[in-house]
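The next block holds one structure in the form of structure tokens; read it before the comments.
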Amino acid sequence: MPECHREQDVINAIVTGRWPHHCDQTLPAHVAECSVCTEIVDVAAVFRVERDELHADASLPSAGQVWWRAAIRAKLEASEQVARPFSWLFGVSVACVVGLAIAVVELLWAPVQHALTSATAVTWTPSFGLGDVVRLLPSLTDLAPLTSTGTFVLLGAAACLLLAPLALYFALSDE
Amino acid sequence: MREATLTDVERIVAFGDAERTFLMTEDAFRAFYELTARPVWAYLARITGDPRLADDLLQESYYRFLRTQADFESDDHRRNYLFRIATNLVRDHRRRLGHAERHLAEHAQAEDASADAREGDRAVRRLDLARAMEQLKPRERSLLWLAYAQGCSHEEIAEVLGLRKASLKALLFRARKRLLGLLGTTAIQGKRR
């Protein structure tokens with residue numbers, strides 16, 4: 001691969017617009033005898049013209065506009081970054097509440113179903129009176145089999161139902 | 001979840017915050033932009049072959065540059081870093097485009113240039129170069145532009161393109177030969193006049 005130690009001098013002269021009359025005058029003489037530098041002059045001259053025309057054609061936004069857009073975008077990205085953990089929190093809260101609701105329904109379902117079955121055993125007639133209501137009350141005691149674990153689950157669910165709106169408030173508020 | 005948007009007040013605050021977010025002051029940025037915007041835009045326009053795309057990539061390049069936390073040893077280092085960002089953005093863009101889309105985009109660009117060609121000799125010369133550049137690999141375009149339009153040294157080109165300096169001379173030599181072959185002697189003679 002042929003090389004020439006004056007390649008960069010030739011390129012610099014062309015790129016800076018000093019070629020051929022305002023550069024070191026040994027350079028044109030060298031180029032006339034050096035095939036590598038002749039080739040470089042051919043390519044660099046083409047690019048020089050193209051570069052100047054592109055520079056003239058370019059209609060660029062002002063530095064202030066670019067700075068402004070960058071500032072806005074940085075602020076927006078920062079806001080999104082802050083909002084991201086809250087999105088996670090929101091999702092986790094919803095999942096917890098749904099999970100607990102299902103657990104509570106599962107726990108209560110058997111006693112409630114039993115109570116309802118007992119209630120439907122009573123014939124509901126227009127003459128249904130206070131005495132019939134009193135007769136129904138014992139069946140409600142079927143809800144009693146709820147264990148102490150069940151009570152804790154119920155308390156947990158209640159706490160979640162109370163805390164979830166608070167979590168949502170902090171997640172969705174602007175501050 | 002609500003979409004993050006900025007109010008007018010927040011926009012004003014954002015402008016004030018920018019100097020704390022970016023490692024550069026606005027005045028320093030203005031000076032840097034005035035020095036580098038045209039060369040970077042010309043580089044983007046020439047290696048993508050699409051001035052509109054160059055507009056978008058220019059804004060993105062400066063944004064990424066402003067967001068960087070890098071320390072720069074000199075102005076040249078800072079400028080080379082910006083060119084490196086621009087180069088990577090073009091690479092990413094090409095990667096996103098499929099081969100077929102790339103072909104269409106390049107074909108469309110050649111048609112635009114054909115229309116320009118009617119404007120005269122200047123446009124014909126530009127068309128010759130545009131067509132020749134289209135046929136080069138993206139890396140060859142970058143190499144040639146940085147070397148012969150920007151006048152970057154081999155060290156600087158290696159830094160911008162992420163290449164080893166040892167392999168650069170051979171790559172540049174081959175790219176130059178290819179370009180000259182594609183341009184042919186007519187176009188070169190035209191440029192010499």
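Every chain in the structure tokens takes a letter, A first, then B, and so on in the order presented; its residues are numbered from 1, and the ligands are numbered from 1 following the presented order.
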Would you mind listing, for every residue of chain A within 9 Å of chain B, the two atoms forming the shortest contact and the distance between them in Å to one decimal, using only C-alpha atoms, sorted by chain and ascending residue number, as JSON lines?
```
{"residue": "A:Met1", "atom": "CA", "partner": "B:Ala170", "partner_atom": "CA", "distance": 7.3}
{"residue": "A:Pro2", "atom": "CA", "partner": "B:Phe173", "partner_atom": "CA", "distance": 8.7}
{"residue": "A:Glu3", "atom": "CA", "partner": "B:Lys169", "partner_atom": "CA", "distance": 8.8}
{"residue": "A:Gln8", "atom": "CA", "partner": "B:Ser153", "partner_atom": "CA", "distance": 7.4}
{"residue": "A:Ile11", "atom": "CA", "partner": "B:Gly151", "partner_atom": "CA", "distance": 6.1}
{"residue": "A:Asn12", "atom": "CA", "partner": "B:Gly151", "partner_atom": "CA", "distance": 5.9}
{"residue": "A:Ile14", "atom": "CA", "partner": "B:Tyr148", "partner_atom": "CA", "distance": 8.5}
{"residue": "A:Val15", "atom": "CA", "partner": "B:Gly151", "partner_atom": "CA", "distance": 6.0}
{"residue": "A:Thr16", "atom": "CA", "partner": "B:Gly151", "partner_atom": "CA", "distance": 8.5}
{"residue": "A:Glu39", "atom": "CA", "partner": "B:Arg176", "partner_atom": "CA", "distance": 8.2}
{"residue": "A:Ile40", "atom": "CA", "partner": "B:Tyr148", "partner_atom": "CA", "distance": 8.0}
{"residue": "A:Asp42", "atom": "CA", "partner": "B:Ile188", "partner_atom": "CA", "distance": 6.3}
{"residue": "A:Val43", "atom": "CA", "partner": "B:Tyr148", "partner_atom": "CA", "distance": 7.0}
{"residue": "A:Ala44", "atom": "CA", "partner": "B:Tyr148", "partner_atom": "CA", "distance": 4.7}
{"residue": "A:Ala45", "atom": "CA", "partner": "B:Lys191", "partner_atom": "CA", "distance": 7.0}
{"residue": "A:Val46", "atom": "CA", "partner": "B:Lys191", "partner_atom": "CA", "distance": 6.1}
{"residue": "A:Phe47", "atom": "CA", "partner": "B:Ala149", "partner_atom": "CA", "distance": 5.1}
{"residue": "A:Arg48", "atom": "CA", "partner": "B:Ala149", "partner_atom": "CA", "distance": 5.5}
{"residue": "A:Val49", "atom": "CA", "partner": "B:Lys191", "partner_atom": "CA", "distance": 8.2}
{"residue": "A:Glu50", "atom": "CA", "partner": "B:Arg126", "partner_atom": "CA", "distance": 6.9}
{"residue": "A:Arg51", "atom": "CA", "partner": "B:Ala149", "partner_atom": "CA", "distance": 6.2}
{"residue": "A:Asp52", "atom": "CA", "partner": "B:Ala42", "partner_atom": "CA", "distance": 8.9}
{"residue": "A:Leu54", "atom": "CA", "partner": "B:Ala42", "partner_atom": "CA", "distance": 5.6}
{"residue": "A:His55", "atom": "CA", "partner": "B:Arg38", "partner_atom": "CA", "distance": 5.7}
{"residue": "A:Ala56", "atom": "CA", "partner": "B:Arg38", "partner_atom": "CA", "distance": 8.8}
{"residue": "A:Ala58", "atom": "CA", "partner": "B:Arg38", "partner_atom": "CA", "distance": 7.0}
{"residue": "A:Ser59", "atom": "CA", "partner": "B:Asp55", "partner_atom": "CA", "distance": 8.8}
{"residue": "A:Leu60", "atom": "CA", "partner": "B:Asp55", "partner_atom": "CA", "distance": 7.5}
{"residue": "A:Pro61", "atom": "CA", "partner": "B:Gln59", "partner_atom": "CA", "distance": 8.7}
{"residue": "A:Ser62", "atom": "CA", "partner": "B:Tyr33", "partner_atom": "CA", "distance": 8.6}
{"residue": "A:Ala63", "atom": "CA", "partner": "B:Arg30", "partner_atom": "CA", "distance": 5.3}
{"residue": "A:Gly64", "atom": "CA", "partner": "B:Arg30", "partner_atom": "CA", "distance": 7.1}
{"residue": "A:Val66", "atom": "CA", "partner": "B:Gln59", "partner_atom": "CA", "distance": 6.5}
{"residue": "A:Trp67", "atom": "CA", "partner": "B:Glu26", "partner_atom": "CA", "distance": 7.2}
{"residue": "A:Trp68", "atom": "CA", "partner": "B:Phe15", "partner_atom": "CA", "distance": 6.5}
{"residue": "A:Arg69", "atom": "CA", "partner": "B:Tyr63", "partner_atom": "CA", "distance": 8.3}
{"residue": "A:Ala70", "atom": "CA", "partner": "B:Tyr63", "partner_atom": "CA", "distance": 5.4}
{"residue": "A:Ala71", "atom": "CA", "partner": "B:Ala18", "partner_atom": "CA", "distance": 5.1}
{"residue": "A:Ile72", "atom": "CA", "partner": "B:Ala14", "partner_atom": "CA", "distance": 5.8}
{"residue": "A:Arg73", "atom": "CA", "partner": "B:Tyr63", "partner_atom": "CA", "distance": 8.5}
{"residue": "A:Ala74", "atom": "CA", "partner": "B:Ala18", "partner_atom": "CA", "distance": 7.7}
{"residue": "A:Lys75", "atom": "CA", "partner": "B:Ala14", "partner_atom": "CA", "distance": 5.6}
{"residue": "A:Leu76", "atom": "CA", "partner": "B:Thr5", "partner_atom": "CA", "distance": 6.7}
{"residue": "A:Glu77", "atom": "CA", "partner": "B:Ala4", "partner_atom": "CA", "distance": 8.6}
{"residue": "A:Ser79", "atom": "CA", "partner": "B:Ala4", "partner_atom": "CA", "distance": 6.5}
{"residue": "A:Glu80", "atom": "CA", "partner": "B:Ala4", "partner_atom": "CA", "distance": 6.0}
{"residue": "A:Ala83", "atom": "CA", "partner": "B:Ala4", "partner_atom": "CA", "distance": 8.0}
{"residue": "A:Ser87", "atom": "CA", "partner": "B:Met1", "partner_atom": "CA", "distance": 6.8}
{"residue": "A:Phe90", "atom": "CA", "partner": "B:Met1", "partner_atom": "CA", "distance": 8.6}
{"residue": "A:Leu172", "atom": "CA", "partner": "B:Arg2", "partner_atom": "CA", "distance": 7.7}
```
**Study point:** All residues 8 Å or closer to Val160 in chain B, only C-alpha atoms, same chain fewer than 5 positions away omitted, as a list in words
**Key:**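 After dropping sequence-adjacent residues, the list is Asn80, Tyr81, Phe83, Arg84 and Thr87 of chain B.
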**Message:** For a test of reading the model, state the distance in Å between CA of Thr26 in chain A and CA of Glu7 in chain A, rounded to one decimal.
**Reply:**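 Interatomic distance here is 13.2 Å.
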Glu155 in chain B: which residues within 10 Å, counting only C-alpha atoms, same-chain residues fewer than 4 positions away excluded, as JSON, numbers by chain? {"B": [159, 160, 163, 164, 165, 166, 168]}
Generate a file of the selected residues that holds N, CA, C and O atoms, formatted as a compact mmCIF listing (two decimals), in the first residue's frame.
```txt
# COMPACT_ATOMS: atom_id res chain seq x y z
N GLU B 159 -10.83 7.55 16.54
CA GLU B 159 -11.62 7.86 17.74
C GLU B 159 -13.11 7.99 17.39
O GLU B 159 -13.97 7.45 18.10
N VAL B 160 -13.39 8.68 16.30
CA VAL B 160 -14.80 8.90 15.93
C VAL B 160 -15.48 7.61 15.51
O VAL B 160 -16.62 7.33 15.91
N LEU B 163 -12.40 2.71 15.42
CA LEU B 163 -11.55 1.75 14.70
C LEU B 163 -10.13 1.79 15.27
O LEU B 163 -9.76 2.75 15.94
N ARG B 164 -9.35 0.74 14.96
CA ARG B 164 -7.94 0.76 15.37
C ARG B 164 -7.17 1.60 14.36
O ARG B 164 -7.40 1.49 13.15
N LYS B 165 -6.26 2.38 14.87
CA LYS B 165 -5.50 3.26 13.99
C LYS B 165 -4.70 2.45 12.97
O LYS B 165 -4.52 2.87 11.83
N ALA B 166 -4.22 1.27 13.41
CA ALA B 166 -3.38 0.45 12.54
C ALA B 166 -4.13 0.03 11.27
O ALA B 166 -3.53 -0.06 10.20
N LEU B 168 -6.61 1.65 9.89
CA LEU B 168 -7.25 2.79 9.25
C LEU B 168 -6.67 3.14 7.88
O LEU B 168 -7.41 3.41 6.93
```
Computed gap from CA of Ala95 in chain A to CA of Leu161 in chain A is 12.0 Å
Which residues come within 12 Å of His5 in chain A, counting only C-alpha atoms, excluding same-chain residues fewer than 6 positions away, as a list in words?
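The residues that qualify are Ile11, Leu27, His30, Val31, Cys34, Val36 and Cys37 of chain A.
Interatomic distance, CA of Leu57 in chain B against CA of Glu156 in chain B: 21.0 Å.
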